[in-house]
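Down below is the structure, laid out as structure tokens.
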Amino acid sequence: MYWNAIIASAILGQTASAQNMLRFGCSQLTIERVDPLVTPGQAPSPHTHQIIGGNSFNLTMEPGKYDPAAKSTCTSCTYSEDFSNYWTAALYFKSPENGTYQRVPQYANLGIQQNGGMTVYYMPYSAKNNKMTAFKPGFRMIAGDPMSKKNNRVSICHRCLGNGEGFAPCDSKDTGELPTKYCPKGIRATVIFPSCWDGVNVDSPDHKSHVAYSNSGGLGTPNCPSTHPVSIPQVMYEIMWDTGRYKNDAWYGNGKQPFVYSFGDKVGYGQHGDYLFGWKDDSLQKAMDALPTGKCANANCQVLKIQSAQQAQKCTKAQQVVEDVGKDGAWIKELPGGVQVME
Ligand SMILES: *[C@@H]1O[C@H](CO)[C@@H](O)[C@H](O)[C@H]1NC(C)=O
Ligand SMILES: *[C@@H]1O[C@H](CO)[C@@H](O)[C@H](O)[C@H]1NC(C)=O
């Protein structure tokens with residue numbers, strides 16, 4: 001279901017006309033314990049990530065020095081000028097019977113052909129007069145917080161698919177926590193990033209304070225705070241976890257469910273996403289400028305170069321930190337890195 005046009009008009013109300021967005025798939029680039037944003041240079045990083053985008057993804061990607069568009073030779077995303085990297089934690093099934101783990105695979109979102117990976121959105125909800133400023137080279141940010149013990153459903157949420165789901169991302173039918181019932185069609189995890197920028201810094205020590213939400217964490221409005229006055233595209237990730245394959249009534253209910261994020265969080269409040277900008281030249285700005293013209297929408301933005309799903313799927317990268325993070329349904333005895341499940 002394409003909720004975008006409808007929700008855009010509902011959110012923008014009378015203030016502006018409904019506007020298109022980008023919505024496209026990116027296949028899996030790699031899955032490993034590397035994190036150039038939070039623990040640059042550290043091999044391995046504390047927990048496993050699933051990563052998509054440009055193949056210049058590396059242990060260290062210093063802003064201003066390491067240009068993904070120049071260093072990459074391919075991207076796993078639909079738009080072949082997008083060498084950004086996007087990543088989140090991986091999700092594991094922990095067998096309630098014997099305590100071993102299996103990495104939960106991702107499946108393709110509705111209408112998208114992809115192999116693992118996620119769906120990426122660039123949305124216009126904070127655009128004033130249809131204008132947005134695309135990210136500058138070196139830009140990066142984080143949404144969510146692995147240490148969080150608080151429900152932040154409006155930006156970090158889970159949808160139990162096949163169970164009378166909601167409509168807009170992170171709406172009141174979604175939950176901040178991982179669903180505690182069986183979800184026949186899997187679980188969709190959503191990460192919504194801020195849509196306002198301070199206009200100066202491409203990063204900040206916590207990778208967050210240079211950006212801000214215009215709407216208490218949720219989908220944006222054209223009201224960026226004065227501290228962060230510049231409207232940027234609102235980035236959103238959707239990860240389709242194929243949890244439907246884990247069907248057993250005994251594993252769910254009464255507050256329990258069998259899944260745990262790679263950093264040991266079985267509640268799900270600590271789900272988080274990392275974004276590292278890497279679009280070639282001014283391609284993202286051109287796309288954002290074209291959204292109101294009707295020539296640019298979803299995975300068919302006519303001012304951008306588009307590659308086939310087959311080409312995107314060919315762009316993969318060998319692990320730099322070589323270890324078994326749960327390959328193709330293999331069972332592993334512990335979470336990679338010996339991460340303990342938080343009780
Ligand atoms: C990634 O980093 C390593 C050093 O850690 C470097 O040797 C390599 O060239 C980098 N990859 C790219 C694509 O620049
Ligand atoms: C552990 O339990 C799961 C089901 O919960 C089963 O599929 C798997 O084969 C079991 N592994 C071992 C080593 O018994």
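Residue numbering restarts at 1 for every chain of the structure tokens, chains are lettered A, B, ... in their displayed order, and ligands are numbered from 1 as they appear.
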
Exercise. Got a sec: who's within 12 Å of A:Asp206, counting only C-alpha atoms, leaving out chain neighbours fewer than 4 positions off, as a ChimeraX atom specification?
Worked result: /A:37-39,140-145,202,210-211,274

Problem set entry | Neighbour list for A:Glu238 as a ChimeraX atom specification, cut-off 6 Å, only C-alpha atoms, skip fewer than 5 positions in-chain | /A:118-119,189-190

For this session: Please write out the residues within 12 Å of ligand 2 as a PyMOL selection string, counting only C-alpha atoms and all ligand atoms.
Result: chain A and resi 93-102+245-251+258-259+329-333

Could I get the residues of chain A with an atom no further than 9 Å from an atom of ligand 1, each paired with its nearest atom pair and that distance in Å to one decimal, using only C-alpha atoms and all ligand atoms, sorted by chain and residue number, as JSON lines?
{"residue": "A:Gly41", "atom": "CA", "partner": "ligand 1", "partner_atom_place_in_ligand_line": "5 (O)", "distance": 7.1}
{"residue": "A:Asn55", "atom": "CA", "partner": "ligand 1", "partner_atom_place_in_ligand_line": "13 (C)", "distance": 7.3}
{"residue": "A:Ser56", "atom": "CA", "partner": "ligand 1", "partner_atom_place_in_ligand_line": "13 (C)", "distance": 4.5}
{"residue": "A:Phe57", "atom": "CA", "partner": "ligand 1", "partner_atom_place_in_ligand_line": "13 (C)", "distance": 7.2}
{"residue": "A:Asn58", "atom": "CA", "partner": "ligand 1", "partner_atom_place_in_ligand_line": "1 (C)", "distance": 4.9}
{"residue": "A:Leu59", "atom": "CA", "partner": "ligand 1", "partner_atom_place_in_ligand_line": "5 (O)", "distance": 6.0}
{"residue": "A:Thr60", "atom": "CA", "partner": "ligand 1", "partner_atom_place_in_ligand_line": "2 (O)", "distance": 6.4}
{"residue": "A:Met61", "atom": "CA", "partner": "ligand 1", "partner_atom_place_in_ligand_line": "1 (C)", "distance": 8.1}
{"residue": "A:Tyr66", "atom": "CA", "partner": "ligand 1", "partner_atom_place_in_ligand_line": "14 (O)", "distance": 7.6}
{"residue": "A:Asp67", "atom": "CA", "partner": "ligand 1", "partner_atom_place_in_ligand_line": "14 (O)", "distance": 8.9}
{"residue": "A:Pro68", "atom": "CA", "partner": "ligand 1", "partner_atom_place_in_ligand_line": "13 (C)", "distance": 8.2}
{"residue": "A:Lys71", "atom": "CA", "partner": "ligand 1", "partner_atom_place_in_ligand_line": "13 (C)", "distance": 5.3}
{"residue": "A:Ser72", "atom": "CA", "partner": "ligand 1", "partner_atom_place_in_ligand_line": "13 (C)", "distance": 6.4}
{"residue": "A:Thr73", "atom": "CA", "partner": "ligand 1", "partner_atom_place_in_ligand_line": "13 (C)", "distance": 8.6}
{"residue": "A:Gln320", "atom": "CA", "partner": "ligand 1", "partner_atom_place_in_ligand_line": "1 (C)", "distance": 9.0}

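For A:Ser172, the non-local neighbours within 12 Å, defined as residues at least 5 positions apart in the same chain or in other chains and counting only C-alpha atoms, are A:Asn152, A:Arg153, A:Val154, A:Ser155, A:Cys157, A:His158, A:Arg159, A:Glu165, A:Gly166, A:Phe167, A:Gly218.
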
For this session: Tell me which protein, DNA and RNA residues are within 8 Å of A:Met342, counting only C-alpha atoms, leaving out same-chain ones fewer than 3 positions away, and put them as an NGL selection string.
Result: :A and (264-266)

For this session: Can you list, as a ChimeraX atom specification, all residues belonging to stretch 48-297 of chain A that DSSP tags as helix (DSSP H, G or I)?
Result: /A:68-71,243-245,249-251,283-293

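Ranking A:Pro46, A:Gly64, A:Gly138, A:Gly253 by their shortest atom-to-atom distance to A:Gly278, with only C-alpha atoms included, puts A:Gly138 first.
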
Problem set entry | Point-to-point distance from atom CA of A:Asp174 to atom CA of A:Ile187, Å rounded to tenths | 10.3 Å

For this session: Mind checking which residues fall within 8 Å of A:Thr221, counting only C-alpha atoms, ignoring those fewer than 2 positions away in the same chain, and posting them as a PyMOL selection string?
Result: chain A and resi 11-12+125-127+214-215+219+223-224

What does the file look like for those residues with N, CA and C atoms, as a PDB file, in the first residue's frame?
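Once written, selection-v4.pdb looks like this:
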ATOM      1  N   ILE A  11      -0.724  15.311   6.429  1.00  0.00           N
ATOM      2  CA  ILE A  11       0.238  15.985   7.288  1.00  0.00           C
ATOM      3  C   ILE A  11       0.425  17.433   6.874  1.00  0.00           C
ATOM      4  N   LEU A  12       0.552  17.652   5.580  1.00  0.00           N
ATOM      5  CA  LEU A  12       0.817  19.019   5.128  1.00  0.00           C
ATOM      6  C   LEU A  12      -0.445  19.890   5.213  1.00  0.00           C
ATOM      7  N   TYR A 125       8.506  16.137   4.467  1.00  0.00           N
ATOM      8  CA  TYR A 125       7.523  16.701   5.390  1.00  0.00           C
ATOM      9  C   TYR A 125       7.932  17.991   6.086  1.00  0.00           C
ATOM     10  N   SER A 126       9.213  18.295   6.136  1.00  0.00           N
ATOM     11  CA  SER A 126       9.592  19.569   6.760  1.00  0.00           C
ATOM     12  C   SER A 126       9.876  20.649   5.724  1.00  0.00           C
ATOM     13  N   ALA A 127       9.662  20.331   4.455  1.00  0.00           N
ATOM     14  CA  ALA A 127       9.948  21.304   3.394  1.00  0.00           C
ATOM     15  C   ALA A 127       8.995  22.487   3.497  1.00  0.00           C
ATOM     16  N   SER A 214      11.131  18.009  13.883  1.00  0.00           N
ATOM     17  CA  SER A 214      10.210  19.142  13.902  1.00  0.00           C
ATOM     18  C   SER A 214       8.919  18.752  14.589  1.00  0.00           C
ATOM     19  N   ASN A 215       8.810  17.467  14.940  1.00  0.00           N
ATOM     20  CA  ASN A 215       7.512  16.981  15.395  1.00  0.00           C
ATOM     21  C   ASN A 215       7.693  15.935  16.488  1.00  0.00           C
ATOM     22  N   LEU A 219       7.029  11.850  12.036  1.00  0.00           N
ATOM     23  CA  LEU A 219       7.109  12.400  10.694  1.00  0.00           C
ATOM     24  C   LEU A 219       7.030  13.914  10.799  1.00  0.00           C
ATOM     25  N   ASN A 223       7.863  23.020  10.350  1.00  0.00           N
ATOM     26  CA  ASN A 223       8.142  23.891  11.495  1.00  0.00           C
ATOM     27  C   ASN A 223       9.440  23.509  12.170  1.00  0.00           C
ATOM     28  N   CYS A 224      10.546  23.686  11.472  1.00  0.00           N
ATOM     29  CA  CYS A 224      11.827  23.378  12.085  1.00  0.00           C
ATOM     30  C   CYS A 224      12.112  24.365  13.209  1.00  0.00           C
TER      31      CYS A 224
END

Exercise. Using only C-alpha atoms, which of A:Leu91, A:Val34, A:Ile306, A:Ile192 sits nearest A:Phe263?
Worked result: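 Of A:Leu91, A:Val34, A:Ile306, A:Ile192, the one nearest A:Phe263, counting only C-alpha atoms, is A:Leu91.
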
Exercise. Neighbours of A:Val267 within 9 Å (only C-alpha atoms; same-chain residues fewer than 3 positions away dropped), as a list in words?
Worked result: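 Listed by chain and then number, they are Lys149, Gly176, Glu177, Leu178, Pro179, Gln257, Phe259, Val260, Tyr261, Gly270 and Met342 of chain A.
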
I need the chosen residues saved as a short mmCIF file (atom, residue, chain, number, x, y, z; two decimals), in the first residue's frame, with N, CA, C and O atoms.
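Ended up saving to again-v1.cif:
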data_model
loop_
_atom_site.label_atom_id
_atom_site.label_comp_id
_atom_site.auth_asym_id
_atom_site.auth_seq_id
_atom_site.Cartn_x
_atom_site.Cartn_y
_atom_site.Cartn_z
N LYS A 149 15.81 2.71 27.24
CA LYS A 149 14.89 1.81 27.93
C LYS A 149 13.48 2.39 27.86
O LYS A 149 12.59 1.97 28.61
N GLY A 176 6.44 0.53 20.10
CA GLY A 176 7.85 0.82 20.28
C GLY A 176 8.62 -0.47 20.50
O GLY A 176 9.74 -0.64 20.03
N GLU A 177 8.01 -1.41 21.18
CA GLU A 177 8.68 -2.68 21.47
C GLU A 177 8.44 -3.70 20.34
O GLU A 177 7.55 -3.54 19.53
N LEU A 178 9.25 -4.74 20.33
CA LEU A 178 9.01 -5.85 19.42
C LEU A 178 7.67 -6.47 19.80
O LEU A 178 7.39 -6.64 20.99
N PRO A 179 6.81 -6.78 18.81
CA PRO A 179 5.49 -7.34 19.14
C PRO A 179 5.62 -8.61 19.98
O PRO A 179 6.53 -9.41 19.76
N GLN A 257 8.42 -12.98 23.72
CA GLN A 257 8.57 -13.24 22.29
C GLN A 257 10.02 -13.66 22.10
O GLN A 257 10.86 -13.38 22.95
N PHE A 259 12.57 -12.95 19.93
CA PHE A 259 13.58 -12.25 19.13
C PHE A 259 14.41 -11.28 19.97
O PHE A 259 13.94 -10.75 20.98
N VAL A 260 15.65 -11.08 19.54
CA VAL A 260 16.54 -10.18 20.27
C VAL A 260 17.44 -9.47 19.26
O VAL A 260 17.92 -10.08 18.30
N TYR A 261 17.61 -8.17 19.43
CA TYR A 261 18.52 -7.42 18.57
C TYR A 261 19.97 -7.78 18.90
O TYR A 261 20.27 -8.21 20.02
N GLY A 270 15.69 -0.03 22.04
CA GLY A 270 17.02 0.43 21.66
C GLY A 270 17.32 0.31 20.17
O GLY A 270 18.43 0.61 19.72
N MET A 342 19.96 -8.61 27.50
CA MET A 342 19.62 -7.80 28.68
C MET A 342 18.30 -8.26 29.25
O MET A 342 17.31 -8.37 28.54
#

Exercise. Which of stretch 109-260 of chain A counts as strand (DSSP E) under DSSP, as a PyMOL selection string please?
Worked result: chain A and resi 118-123+140-144+156-160+187-192+196-197+211-212+230-231+234-241+259-260

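Taking only C-alpha atoms into account, A:Thr316 lies nearest to A:Cys77 out of the set A:Cys77, A:Cys301, A:Ala212, A:Leu284.
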
Problem set entry | 8 Å contact set for A:Thr243, only C-alpha atoms, chain neighbours under 3 positions out, as a ChimeraX atom specification | /A:104,183-187,246

Problem set entry | Atomic distance atom CA of A:Ile51 - atom CA of A:Lys131, expressed in Å with one decimal |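 So the two atoms, atom CA of A:Ile51 and atom CA of A:Lys131, lie 29.6 Å apart.
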